[in-house]
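Each remark here refers to the structure printed beneath this line.
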Amino acid sequence: MGSWEKRILKSLNSMCTELSIPLARKRPVGEQKELLNKWNEMGTDEPDLSLFRPVYAPKDFLEVLINLRNPNYENGDSLSFRTHLGLIQVPLKVKDIPELKEFFVELGLTTGQLGIDDSTQVPPELFENEHVRIGQKVLAEQDSAAAQQYVRQGSPTALRAELWALILNISSQPEDILYYEQLKTNVIQHDLLVDSLIYKDVKLTASNDDYYFVFEDYLYQVLLCFSRDTSVLGHFAYSSASPPKSYIRGKLGLEEYAVFYPPNGVIPFHGFSMYVAPLCFLYHEPSKLYQIFREMYVRFFFRLHSISSHPSGIVSLCLLFETLLQTYLPQLFYHLREIGAQPLRISFKWMVRAFSGYLATDQLLLLWDRILGYNSLEILAGKILAAAVFAFRAVNLMEVTSLAAAEAVLADLSTLKVMPLLQIFLFATVT
């Protein structure tokens, strides 16, 4: 377990001590019956969460990333990295613009895109009608690889739920529904400290969001079951992180009495519920919604809050974001840096949540289409989109004189159109 994971678990244990509550307990029979009866109406419950606090927020994680160093590396060893003036000081190989253009070639200006070519100004017979027809054919053939290629140009709203399920190999077999019910039973029978963190996060984020507050019950159901799902531990096999451990009372330090806590190894941070919220627009059957979220998490989202050198990992995303701005918008980058408004301090919260809660839902789903299509977070969870947002607001940003003013300029992203921003920045502006 790394120092960051140990720090999180220490914070969780401190909360247990302060509040005199256990990490886990079996619910009394009466409490089990009560929870079962209100399972579909948990949003109406108003538990007192005033004493609970998020174990960590994205800004805390950013400080950890800023302080990362490679002890085997001296800044002077690389001419290319010596001139990097951003906050991330770990020299990783990230794609340059020609490599990004080649990798995301389907986003080029000559290729039809949902999010651009389906606007009311463009006759549907020029692109949209044919794109829908091809999508229906892909679904009829149940070809996962073809579906992944197809959504690189965006998914029609009516086909998106089926296409994503096909790409993620989710089919909702009877055994999958049974597994979800078993997780639900575990929630009913056992109360975990992280349950209160989940309740608090949903109340602070999704419940206050104009798009997602109606899905509050779904969010509780999915996230409470997720915390009990030991199959999620499998993603640690290809992650540099390791799941937090706790010990049976009185057996501290004895590995034979160690258990992963929570059972899925994932301690939710402030904003974690926003990974689930957009999926509620697509899936209304709880077990299907759960399977889709779990697969999205173990394929993509875990990389946004764990430390690694993976190209889709949050460290690489941050580094390429800063590199793009410094290289292609140098005046803006230096101006913001000089006034103490390092761009990454503003954009990090967008990236760590894959822009959920910041973009309008229709735009966010178009963005996530491309995550699935390219099997990558590189362009979509931060690098090019975040840089493109700064480019779009560059004129206003050049006039600000403080971090607070810069944040105000970029406070509302809900009116932005994702695909035009991406195309213009990558294929028309940057050379």
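Going through the structure tokens in order, the chains are called A, B, and so on, while each chain numbers its residues from 1 and the ligands are numbered from 1 in the order shown.
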Phe390 (chain A): which residues within 10 Å, counting only C-alpha atoms, same-chain residues fewer than 3 positions away excluded, as a PDB file with all heavy atoms, in the first residue's frame?
ATOM      1  N   LEU A 325      -0.699  23.612 -23.256  1.00  0.00           N
ATOM      2  CA  LEU A 325      -0.874  25.049 -23.022  1.00  0.00           C
ATOM      3  C   LEU A 325       0.445  25.794 -23.146  1.00  0.00           C
ATOM      4  O   LEU A 325       0.513  26.860 -23.775  1.00  0.00           O
ATOM      5  CB  LEU A 325      -1.461  25.285 -21.629  1.00  0.00           C
ATOM      6  CG  LEU A 325      -2.975  25.163 -21.457  1.00  0.00           C
ATOM      7  CD1 LEU A 325      -3.374  25.706 -20.097  1.00  0.00           C
ATOM      8  CD2 LEU A 325      -3.741  25.881 -22.535  1.00  0.00           C
ATOM      9  N   LEU A 329      -0.168  27.779 -26.356  1.00  0.00           N
ATOM     10  CA  LEU A 329      -0.751  29.021 -25.855  1.00  0.00           C
ATOM     11  C   LEU A 329       0.210  29.630 -24.830  1.00  0.00           C
ATOM     12  O   LEU A 329      -0.140  29.857 -23.675  1.00  0.00           O
ATOM     13  CB  LEU A 329      -2.115  28.748 -25.209  1.00  0.00           C
ATOM     14  CG  LEU A 329      -3.212  28.211 -26.131  1.00  0.00           C
ATOM     15  CD1 LEU A 329      -4.369  27.678 -25.305  1.00  0.00           C
ATOM     16  CD2 LEU A 329      -3.689  29.296 -27.083  1.00  0.00           C
ATOM     17  N   LEU A 332      -0.713  32.904 -22.794  1.00  0.00           N
ATOM     18  CA  LEU A 332      -1.739  32.651 -21.789  1.00  0.00           C
ATOM     19  C   LEU A 332      -1.151  31.861 -20.620  1.00  0.00           C
ATOM     20  O   LEU A 332      -1.392  32.179 -19.451  1.00  0.00           O
ATOM     21  CB  LEU A 332      -2.905  31.878 -22.407  1.00  0.00           C
ATOM     22  CG  LEU A 332      -4.021  31.448 -21.439  1.00  0.00           C
ATOM     23  CD1 LEU A 332      -4.659  32.672 -20.802  1.00  0.00           C
ATOM     24  CD2 LEU A 332      -5.066  30.604 -22.164  1.00  0.00           C
ATOM     25  N   PHE A 333      -0.369  30.843 -20.929  1.00  0.00           N
ATOM     26  CA  PHE A 333       0.224  30.015 -19.877  1.00  0.00           C
ATOM     27  C   PHE A 333       1.096  30.850 -18.949  1.00  0.00           C
ATOM     28  O   PHE A 333       0.970  30.784 -17.718  1.00  0.00           O
ATOM     29  CB  PHE A 333       1.045  28.886 -20.507  1.00  0.00           C
ATOM     30  CG  PHE A 333       1.667  27.954 -19.497  1.00  0.00           C
ATOM     31  CD1 PHE A 333       0.952  26.864 -19.015  1.00  0.00           C
ATOM     32  CD2 PHE A 333       2.950  28.169 -19.014  1.00  0.00           C
ATOM     33  CE1 PHE A 333       1.505  26.011 -18.068  1.00  0.00           C
ATOM     34  CE2 PHE A 333       3.511  27.310 -18.079  1.00  0.00           C
ATOM     35  CZ  PHE A 333       2.785  26.224 -17.608  1.00  0.00           C
ATOM     36  N   PRO A 343      -2.811  27.022 -14.548  1.00  0.00           N
ATOM     37  CA  PRO A 343      -4.000  26.449 -15.195  1.00  0.00           C
ATOM     38  C   PRO A 343      -4.442  25.108 -14.622  1.00  0.00           C
ATOM     39  O   PRO A 343      -5.642  24.836 -14.531  1.00  0.00           O
ATOM     40  CB  PRO A 343      -3.547  26.312 -16.655  1.00  0.00           C
ATOM     41  CG  PRO A 343      -2.540  27.396 -16.841  1.00  0.00           C
ATOM     42  CD  PRO A 343      -1.810  27.477 -15.529  1.00  0.00           C
ATOM     43  N   ILE A 346      -6.984  25.027 -11.899  1.00  0.00           N
ATOM     44  CA  ILE A 346      -8.362  25.287 -12.315  1.00  0.00           C
ATOM     45  C   ILE A 346      -8.971  24.063 -12.991  1.00  0.00           C
ATOM     46  O   ILE A 346     -10.103  23.673 -12.722  1.00  0.00           O
ATOM     47  CB  ILE A 346      -8.408  26.489 -13.285  1.00  0.00           C
ATOM     48  CG1 ILE A 346      -7.843  27.735 -12.585  1.00  0.00           C
ATOM     49  CG2 ILE A 346      -9.831  26.731 -13.779  1.00  0.00           C
ATOM     50  CD1 ILE A 346      -7.623  28.907 -13.513  1.00  0.00           C
ATOM     51  N   SER A 347      -8.195  23.418 -13.865  1.00  0.00           N
ATOM     52  CA  SER A 347      -8.745  22.342 -14.700  1.00  0.00           C
ATOM     53  C   SER A 347      -8.748  20.979 -14.019  1.00  0.00           C
ATOM     54  O   SER A 347      -9.430  20.064 -14.488  1.00  0.00           O
ATOM     55  CB  SER A 347      -7.946  22.235 -16.002  1.00  0.00           C
ATOM     56  OG  SER A 347      -6.614  21.792 -15.748  1.00  0.00           O
ATOM     57  N   ILE A 384      -6.838  17.357 -24.252  1.00  0.00           N
ATOM     58  CA  ILE A 384      -7.141  18.312 -25.299  1.00  0.00           C
ATOM     59  C   ILE A 384      -8.375  19.129 -24.964  1.00  0.00           C
ATOM     60  O   ILE A 384      -8.418  20.330 -25.214  1.00  0.00           O
ATOM     61  CB  ILE A 384      -7.277  17.593 -26.653  1.00  0.00           C
ATOM     62  CG1 ILE A 384      -5.917  17.026 -27.044  1.00  0.00           C
ATOM     63  CG2 ILE A 384      -7.769  18.541 -27.721  1.00  0.00           C
ATOM     64  CD1 ILE A 384      -5.915  16.253 -28.322  1.00  0.00           C
ATOM     65  N   LEU A 385      -9.393  18.514 -24.388  1.00  0.00           N
ATOM     66  CA  LEU A 385     -10.595  19.280 -24.080  1.00  0.00           C
ATOM     67  C   LEU A 385     -10.298  20.384 -23.077  1.00  0.00           C
ATOM     68  O   LEU A 385     -10.720  21.524 -23.263  1.00  0.00           O
ATOM     69  CB  LEU A 385     -11.706  18.362 -23.552  1.00  0.00           C
ATOM     70  CG  LEU A 385     -13.005  19.102 -23.218  1.00  0.00           C
ATOM     71  CD1 LEU A 385     -13.535  19.855 -24.431  1.00  0.00           C
ATOM     72  CD2 LEU A 385     -14.059  18.147 -22.698  1.00  0.00           C
ATOM     73  N   ALA A 386      -9.570  20.060 -22.013  1.00  0.00           N
ATOM     74  CA  ALA A 386      -9.255  21.090 -21.021  1.00  0.00           C
ATOM     75  C   ALA A 386      -8.450  22.224 -21.647  1.00  0.00           C
ATOM     76  O   ALA A 386      -8.706  23.401 -21.391  1.00  0.00           O
ATOM     77  CB  ALA A 386      -8.491  20.470 -19.855  1.00  0.00           C
ATOM     78  N   ALA A 387      -7.474  21.859 -22.491  1.00  0.00           N
ATOM     79  CA  ALA A 387      -6.684  22.895 -23.174  1.00  0.00           C
ATOM     80  C   ALA A 387      -7.555  23.706 -24.116  1.00  0.00           C
ATOM     81  O   ALA A 387      -7.406  24.932 -24.226  1.00  0.00           O
ATOM     82  CB  ALA A 387      -5.530  22.240 -23.939  1.00  0.00           C
ATOM     83  N   ARG A 393     -11.517  30.508 -24.037  1.00  0.00           N
ATOM     84  CA  ARG A 393     -11.715  31.654 -23.138  1.00  0.00           C
ATOM     85  C   ARG A 393     -10.437  32.487 -22.989  1.00  0.00           C
ATOM     86  O   ARG A 393     -10.301  33.251 -22.032  1.00  0.00           O
ATOM     87  CB  ARG A 393     -12.163  31.144 -21.760  1.00  0.00           C
ATOM     88  CG  ARG A 393     -13.498  30.372 -21.772  1.00  0.00           C
ATOM     89  CD  ARG A 393     -14.684  31.299 -21.668  1.00  0.00           C
ATOM     90  NE  ARG A 393     -15.946  30.600 -21.889  1.00  0.00           N
ATOM     91  CZ  ARG A 393     -16.646  29.966 -20.943  1.00  0.00           C
ATOM     92  NH1 ARG A 393     -16.179  29.908 -19.715  1.00  0.00           N
ATOM     93  NH2 ARG A 393     -17.802  29.407 -21.233  1.00  0.00           N
ATOM     94  N   ALA A 394      -9.493  32.327 -23.916  1.00  0.00           N
ATOM     95  CA  ALA A 394      -8.168  32.960 -23.772  1.00  0.00           C
ATOM     96  C   ALA A 394      -8.243  34.476 -23.664  1.00  0.00           C
ATOM     97  O   ALA A 394      -7.526  35.088 -22.860  1.00  0.00           O
ATOM     98  CB  ALA A 394      -7.270  32.557 -24.939  1.00  0.00           C
ATOM     99  N   VAL A 395      -9.080  35.110 -24.464  1.00  0.00           N
ATOM    100  CA  VAL A 395      -9.151  36.576 -24.457  1.00  0.00           C
ATOM    101  C   VAL A 395      -9.528  37.081 -23.064  1.00  0.00           C
ATOM    102  O   VAL A 395      -8.914  38.010 -22.536  1.00  0.00           O
ATOM    103  CB  VAL A 395     -10.170  37.072 -25.511  1.00  0.00           C
ATOM    104  CG1 VAL A 395     -10.361  38.585 -25.384  1.00  0.00           C
ATOM    105  CG2 VAL A 395      -9.690  36.722 -26.909  1.00  0.00           C
ATOM    106  N   ASN A 396     -10.538  36.454 -22.476  1.00  0.00           N
ATOM    107  CA  ASN A 396     -10.959  36.859 -21.124  1.00  0.00           C
ATOM    108  C   ASN A 396      -9.897  36.532 -20.085  1.00  0.00           C
ATOM    109  O   ASN A 396      -9.654  37.319 -19.155  1.00  0.00           O
ATOM    110  CB  ASN A 396     -12.265  36.168 -20.751  1.00  0.00           C
ATOM    111  CG  ASN A 396     -13.375  36.439 -21.762  1.00  0.00           C
ATOM    112  OD1 ASN A 396     -13.575  35.638 -22.668  1.00  0.00           O
ATOM    113  ND2 ASN A 396     -14.063  37.556 -21.626  1.00  0.00           N
ATOM    114  N   LEU A 397      -9.243  35.379 -20.243  1.00  0.00           N
ATOM    115  CA  LEU A 397      -8.250  34.964 -19.263  1.00  0.00           C
ATOM    116  C   LEU A 397      -7.023  35.868 -19.274  1.00  0.00           C
ATOM    117  O   LEU A 397      -6.365  36.046 -18.247  1.00  0.00           O
ATOM    118  CB  LEU A 397      -7.835  33.513 -19.515  1.00  0.00           C
ATOM    119  CG  LEU A 397      -8.878  32.455 -19.159  1.00  0.00           C
ATOM    120  CD1 LEU A 397      -8.451  31.082 -19.679  1.00  0.00           C
ATOM    121  CD2 LEU A 397      -9.099  32.396 -17.642  1.00  0.00           C
ATOM    122  N   VAL A 409     -13.939  33.151 -14.675  1.00  0.00           N
ATOM    123  CA  VAL A 409     -14.085  33.111 -16.132  1.00  0.00           C
ATOM    124  C   VAL A 409     -14.450  31.703 -16.604  1.00  0.00           C
ATOM    125  O   VAL A 409     -15.206  31.516 -17.560  1.00  0.00           O
ATOM    126  CB  VAL A 409     -12.776  33.579 -16.822  1.00  0.00           C
ATOM    127  CG1 VAL A 409     -12.801  33.288 -18.324  1.00  0.00           C
ATOM    128  CG2 VAL A 409     -12.561  35.066 -16.579  1.00  0.00           C
ATOM    129  N   LEU A 410     -13.918  30.693 -15.904  1.00  0.00           N
ATOM    130  CA  LEU A 410     -14.114  29.299 -16.310  1.00  0.00           C
ATOM    131  C   LEU A 410     -15.110  28.567 -15.412  1.00  0.00           C
ATOM    132  O   LEU A 410     -15.163  27.336 -15.411  1.00  0.00           O
ATOM    133  CB  LEU A 410     -12.767  28.571 -16.283  1.00  0.00           C
ATOM    134  CG  LEU A 410     -11.737  29.089 -17.285  1.00  0.00           C
ATOM    135  CD1 LEU A 410     -10.348  28.582 -16.948  1.00  0.00           C
ATOM    136  CD2 LEU A 410     -12.120  28.688 -18.703  1.00  0.00           C
TER     137      LEU A 410
END
- Task: Run DSSP on the backbone and give me the residues of region 90-338 of chain A it puts in alpha helix (DSSP H), as a PyMOL selection string.
- Result: chain A and resi 97-103+128-141+144-150+160-167+174-189+193-204+216-228+286-299+314-328+330-338
List the spatial neighbours of Leu366 (chain A) as a PDB file with all heavy atoms, in the first residue's frame - criterion: any atom at most 8 Å away, only C-alpha atoms, same-chain residues fewer than 4 positions off excluded.
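Written output follows (selection02.pdb):
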ATOM      1  N   LEU A 114     -21.311  13.321 -34.752  1.00  0.00           N
ATOM      2  CA  LEU A 114     -22.445  13.718 -33.936  1.00  0.00           C
ATOM      3  C   LEU A 114     -21.940  14.708 -32.901  1.00  0.00           C
ATOM      4  O   LEU A 114     -20.915  14.497 -32.265  1.00  0.00           O
ATOM      5  CB  LEU A 114     -23.069  12.505 -33.242  1.00  0.00           C
ATOM      6  CG  LEU A 114     -23.868  11.544 -34.135  1.00  0.00           C
ATOM      7  CD1 LEU A 114     -24.539  10.478 -33.292  1.00  0.00           C
ATOM      8  CD2 LEU A 114     -24.913  12.280 -34.958  1.00  0.00           C
ATOM      9  N   GLY A 115     -22.675  15.769 -32.723  1.00  0.00           N
ATOM     10  CA  GLY A 115     -22.219  16.872 -31.894  1.00  0.00           C
ATOM     11  C   GLY A 115     -21.838  18.057 -32.763  1.00  0.00           C
ATOM     12  O   GLY A 115     -21.628  19.154 -32.265  1.00  0.00           O
ATOM     13  N   GLY A 154     -19.469   9.437 -32.511  1.00  0.00           N
ATOM     14  CA  GLY A 154     -20.617   9.771 -31.684  1.00  0.00           C
ATOM     15  C   GLY A 154     -21.730   8.762 -31.837  1.00  0.00           C
ATOM     16  O   GLY A 154     -21.878   8.116 -32.882  1.00  0.00           O
ATOM     17  N   SER A 155     -22.525   8.639 -30.798  1.00  0.00           N
ATOM     18  CA  SER A 155     -23.638   7.688 -30.802  1.00  0.00           C
ATOM     19  C   SER A 155     -24.968   8.426 -30.838  1.00  0.00           C
ATOM     20  O   SER A 155     -25.174   9.376 -30.073  1.00  0.00           O
ATOM     21  CB  SER A 155     -23.580   6.804 -29.552  1.00  0.00           C
ATOM     22  OG  SER A 155     -24.722   5.999 -29.456  1.00  0.00           O
ATOM     23  N   ASP A 362     -25.872  16.261 -22.429  1.00  0.00           N
ATOM     24  CA  ASP A 362     -25.779  15.798 -23.818  1.00  0.00           C
ATOM     25  C   ASP A 362     -24.352  15.909 -24.325  1.00  0.00           C
ATOM     26  O   ASP A 362     -23.859  15.032 -25.050  1.00  0.00           O
ATOM     27  CB  ASP A 362     -26.745  16.556 -24.730  1.00  0.00           C
ATOM     28  CG  ASP A 362     -26.437  18.054 -24.799  1.00  0.00           C
ATOM     29  OD1 ASP A 362     -25.998  18.629 -23.784  1.00  0.00           O
ATOM     30  OD2 ASP A 362     -26.641  18.650 -25.877  1.00  0.00           O
ATOM     31  N   ARG A 370     -16.561   9.034 -27.014  1.00  0.00           N
ATOM     32  CA  ARG A 370     -15.188   8.935 -27.538  1.00  0.00           C
ATOM     33  C   ARG A 370     -14.246   8.240 -26.555  1.00  0.00           C
ATOM     34  O   ARG A 370     -13.275   7.614 -26.981  1.00  0.00           O
ATOM     35  CB  ARG A 370     -14.665  10.316 -27.905  1.00  0.00           C
ATOM     36  CG  ARG A 370     -15.105  10.824 -29.277  1.00  0.00           C
ATOM     37  CD  ARG A 370     -16.554  11.209 -29.363  1.00  0.00           C
ATOM     38  NE  ARG A 370     -16.943  11.702 -30.691  1.00  0.00           N
ATOM     39  CZ  ARG A 370     -18.099  12.278 -30.949  1.00  0.00           C
ATOM     40  NH1 ARG A 370     -19.006  12.431 -29.994  1.00  0.00           N
ATOM     41  NH2 ARG A 370     -18.390  12.692 -32.174  1.00  0.00           N
ATOM     42  N   VAL A 418     -18.807  20.451 -27.043  1.00  0.00           N
ATOM     43  CA  VAL A 418     -17.558  19.702 -26.927  1.00  0.00           C
ATOM     44  C   VAL A 418     -16.872  19.459 -28.258  1.00  0.00           C
ATOM     45  O   VAL A 418     -15.680  19.739 -28.430  1.00  0.00           O
ATOM     46  CB  VAL A 418     -17.832  18.354 -26.217  1.00  0.00           C
ATOM     47  CG1 VAL A 418     -16.642  17.421 -26.362  1.00  0.00           C
ATOM     48  CG2 VAL A 418     -18.130  18.588 -24.751  1.00  0.00           C
ATOM     49  N   MET A 419     -17.597  18.887 -29.222  1.00  0.00           N
ATOM     50  CA  MET A 419     -16.948  18.435 -30.446  1.00  0.00           C
ATOM     51  C   MET A 419     -16.366  19.581 -31.279  1.00  0.00           C
ATOM     52  O   MET A 419     -15.245  19.461 -31.783  1.00  0.00           O
ATOM     53  CB  MET A 419     -17.897  17.568 -31.265  1.00  0.00           C
ATOM     54  CG  MET A 419     -18.268  16.249 -30.578  1.00  0.00           C
ATOM     55  SD  MET A 419     -16.853  15.402 -29.827  1.00  0.00           S
ATOM     56  CE  MET A 419     -15.805  15.147 -31.258  1.00  0.00           C
TER      57      MET A 419
END
- Considering only C-alpha atoms, return as a PyMOL selection string whatever protein or nucleic-acid residues lie within 9 Å of Leu233 (chain A), sequence-local ones (same chain, fewer than 5 positions apart) excluded. chain A and resi 242-243+263-266
- Task: Tell me which of A:Ala360, A:Leu139, A:Leu23, A:Ile188 sits closest to Trp164 (chain A), counting only C-alpha atoms.
- Result: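 Closest to Trp164 (chain A), using only C-alpha atoms: A:Leu139.
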- Item | Separation of CA of Ala161 (chain A) from CA of Leu282 (chain A), in Å and rounded to one decimal | 5.4 Å
- Message: Given only C-alpha atoms as the basis, pick out the residue of A:Leu372, A:Ala206, A:Ala57, A:Cys318 nearest to Phe301 (chain A).
- Response: A:Leu372
- Message: Report as a count of residues only all protein, DNA and RNA residues lying within 8 Å of Val352 (chain A), evaluated on only C-alpha atoms, omitting residues in the same chain fewer than 6 positions from it.
- Response: 5
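Picture a line from CA of Asn169 (chain A) to CA of Lys137 (chain A); it runs 17.3 Å.
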- In Å to one decimal, how far is CA of Val222 (chain A) from CA of Tyr290 (chain A)? 5.5 Å
Which residues are near Gln113 (chain A)? Cut-off 10 Å, only C-alpha atoms, ignore same chain within fewer than 6 positions. Put them as an mmCIF file with C-alpha atoms, in the first residue's frame.
data_model
loop_
_atom_site.group_PDB
_atom_site.id
_atom_site.type_symbol
_atom_site.label_atom_id
_atom_site.label_comp_id
_atom_site.auth_asym_id
_atom_site.auth_seq_id
_atom_site.Cartn_x
_atom_site.Cartn_y
_atom_site.Cartn_z
ATOM 1 C CA GLU A 106 -11.575 10.141 -36.876
ATOM 2 C CA LEU A 107 -12.113 13.480 -35.140
ATOM 3 C CA PHE A 127 -24.805 12.578 -42.275
ATOM 4 C CA GLU A 128 -27.207 11.846 -39.448
ATOM 5 C CA HIS A 131 -25.030 7.257 -39.302
ATOM 6 C CA VAL A 151 -18.953 5.592 -31.500
ATOM 7 C CA ARG A 152 -15.739 7.432 -32.355
ATOM 8 C CA GLN A 153 -18.053 9.599 -34.464
ATOM 9 C CA GLY A 154 -20.617 9.771 -31.684
ATOM 10 C CA SER A 155 -23.638 7.688 -30.802
ATOM 11 C CA LEU A 366 -20.824 12.792 -26.582
ATOM 12 C CA MET A 419 -16.948 18.435 -30.446
ATOM 13 C CA PRO A 420 -16.425 21.805 -32.183
ATOM 14 C CA GLN A 423 -11.919 19.699 -33.612
#
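Considering only C-alpha atoms, the residue among A:His270, A:Lys184, A:Lys203, A:His84 positioned nearest to Pro54 (chain A) is A:His270.
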Residues near Tyr334 (chain A), anyone? I mean within 12 Å using only C-alpha atoms, not counting same-chain ones fewer than 2 positions away, as an mmCIF file with N, CA, C and O atoms, in the first residue's frame.
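Contents of the output file result_39.cif:
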data_model
loop_
_atom_site.group_PDB
_atom_site.id
_atom_site.type_symbol
_atom_site.label_atom_id
_atom_site.label_comp_id
_atom_site.auth_asym_id
_atom_site.auth_seq_id
_atom_site.Cartn_x
_atom_site.Cartn_y
_atom_site.Cartn_z
ATOM 1 N N HIS A 84 9.927 22.722 -18.823
ATOM 2 C CA HIS A 84 8.534 22.562 -18.411
ATOM 3 C C HIS A 84 8.292 23.366 -17.140
ATOM 4 O O HIS A 84 8.936 23.146 -16.116
ATOM 5 N N LEU A 85 7.369 24.305 -17.220
ATOM 6 C CA LEU A 85 7.140 25.232 -16.113
ATOM 7 C C LEU A 85 5.828 24.968 -15.392
ATOM 8 O O LEU A 85 5.362 25.799 -14.622
ATOM 9 N N GLY A 86 5.229 23.813 -15.632
ATOM 10 C CA GLY A 86 3.972 23.484 -14.977
ATOM 11 C C GLY A 86 4.176 22.920 -13.586
ATOM 12 O O GLY A 86 5.292 22.847 -13.060
ATOM 13 N N GLU A 322 -0.670 20.553 -19.367
ATOM 14 C CA GLU A 322 0.246 21.675 -19.162
ATOM 15 C C GLU A 322 1.174 21.859 -20.354
ATOM 16 O O GLU A 322 1.475 22.992 -20.755
ATOM 17 N N LEU A 325 -0.699 23.612 -23.256
ATOM 18 C CA LEU A 325 -0.874 25.049 -23.022
ATOM 19 C C LEU A 325 0.445 25.794 -23.146
ATOM 20 O O LEU A 325 0.513 26.860 -23.775
ATOM 21 N N GLN A 326 1.498 25.259 -22.539
ATOM 22 C CA GLN A 326 2.791 25.948 -22.580
ATOM 23 C C GLN A 326 3.329 26.047 -23.997
ATOM 24 O O GLN A 326 3.931 27.055 -24.383
ATOM 25 N N THR A 327 3.077 25.011 -24.801
ATOM 26 C CA THR A 327 3.627 24.977 -26.161
ATOM 27 C C THR A 327 2.799 25.788 -27.151
ATOM 28 O O THR A 327 3.348 26.528 -27.978
ATOM 29 N N TYR A 328 1.478 25.677 -27.063
ATOM 30 C CA TYR A 328 0.630 26.261 -28.097
ATOM 31 C C TYR A 328 -0.120 27.513 -27.661
ATOM 32 O O TYR A 328 -0.662 28.227 -28.501
ATOM 33 N N LEU A 329 -0.168 27.779 -26.356
ATOM 34 C CA LEU A 329 -0.751 29.021 -25.855
ATOM 35 C C LEU A 329 0.210 29.630 -24.830
ATOM 36 O O LEU A 329 -0.140 29.857 -23.675
ATOM 37 N N PRO A 330 1.463 29.888 -25.248
ATOM 38 C CA PRO A 330 2.496 30.302 -24.279
ATOM 39 C C PRO A 330 2.178 31.612 -23.562
ATOM 40 O O PRO A 330 2.434 31.732 -22.355
ATOM 41 N N GLN A 331 1.635 32.598 -24.279
ATOM 42 C CA GLN A 331 1.337 33.872 -23.618
ATOM 43 C C GLN A 331 0.321 33.684 -22.501
ATOM 44 O O GLN A 331 0.473 34.230 -21.410
ATOM 45 N N LEU A 332 -0.713 32.904 -22.794
ATOM 46 C CA LEU A 332 -1.739 32.651 -21.789
ATOM 47 C C LEU A 332 -1.151 31.861 -20.620
ATOM 48 O O LEU A 332 -1.392 32.179 -19.451
ATOM 49 N N LEU A 336 -1.004 33.390 -16.757
ATOM 50 C CA LEU A 336 -1.687 32.765 -15.626
ATOM 51 C C LEU A 336 -0.693 32.327 -14.555
ATOM 52 O O LEU A 336 -0.949 32.459 -13.355
ATOM 53 N N ARG A 337 0.450 31.844 -15.000
ATOM 54 C CA ARG A 337 1.478 31.408 -14.050
ATOM 55 C C ARG A 337 1.996 32.596 -13.238
ATOM 56 O O ARG A 337 2.185 32.493 -12.018
ATOM 57 N N GLU A 338 2.198 33.715 -13.891
ATOM 58 C CA GLU A 338 2.760 34.895 -13.219
ATOM 59 C C GLU A 338 1.805 35.467 -12.180
ATOM 60 O O GLU A 338 2.229 36.043 -11.184
ATOM 61 N N ILE A 339 0.504 35.340 -12.391
ATOM 62 C CA ILE A 339 -0.455 35.905 -11.435
ATOM 63 C C ILE A 339 -0.871 34.868 -10.381
ATOM 64 O O ILE A 339 -1.793 35.104 -9.592
ATOM 65 N N GLY A 340 -0.172 33.713 -10.372
ATOM 66 C CA GLY A 340 -0.462 32.694 -9.371
ATOM 67 C C GLY A 340 -1.700 31.868 -9.673
ATOM 68 O O GLY A 340 -2.318 31.320 -8.758
ATOM 69 N N ALA A 341 -2.054 31.793 -10.958
ATOM 70 C CA ALA A 341 -3.241 31.030 -11.359
ATOM 71 C C ALA A 341 -2.817 29.901 -12.294
ATOM 72 O O ALA A 341 -3.233 29.846 -13.457
ATOM 73 N N GLN A 342 -1.979 28.991 -11.798
ATOM 74 C CA GLN A 342 -1.535 27.875 -12.627
ATOM 75 C C GLN A 342 -2.759 27.167 -13.225
ATOM 76 O O GLN A 342 -3.676 26.786 -12.489
ATOM 77 N N PRO A 343 -2.811 27.022 -14.548
ATOM 78 C CA PRO A 343 -4.000 26.449 -15.195
ATOM 79 C C PRO A 343 -4.442 25.108 -14.622
ATOM 80 O O PRO A 343 -5.642 24.836 -14.531
ATOM 81 N N LEU A 397 -9.243 35.379 -20.243
ATOM 82 C CA LEU A 397 -8.250 34.964 -19.263
ATOM 83 C C LEU A 397 -7.023 35.868 -19.274
ATOM 84 O O LEU A 397 -6.365 36.046 -18.247
ATOM 85 N N MET A 398 -6.701 36.426 -20.430
ATOM 86 C CA MET A 398 -5.540 37.321 -20.498
ATOM 87 C C MET A 398 -5.758 38.616 -19.712
ATOM 88 O O MET A 398 -4.810 39.344 -19.429
#
- Item | In region 246-420 of chain A, DSSP strand (DSSP E or B) residues written as an NGL selection string | :A and (246-247 or 258-260)
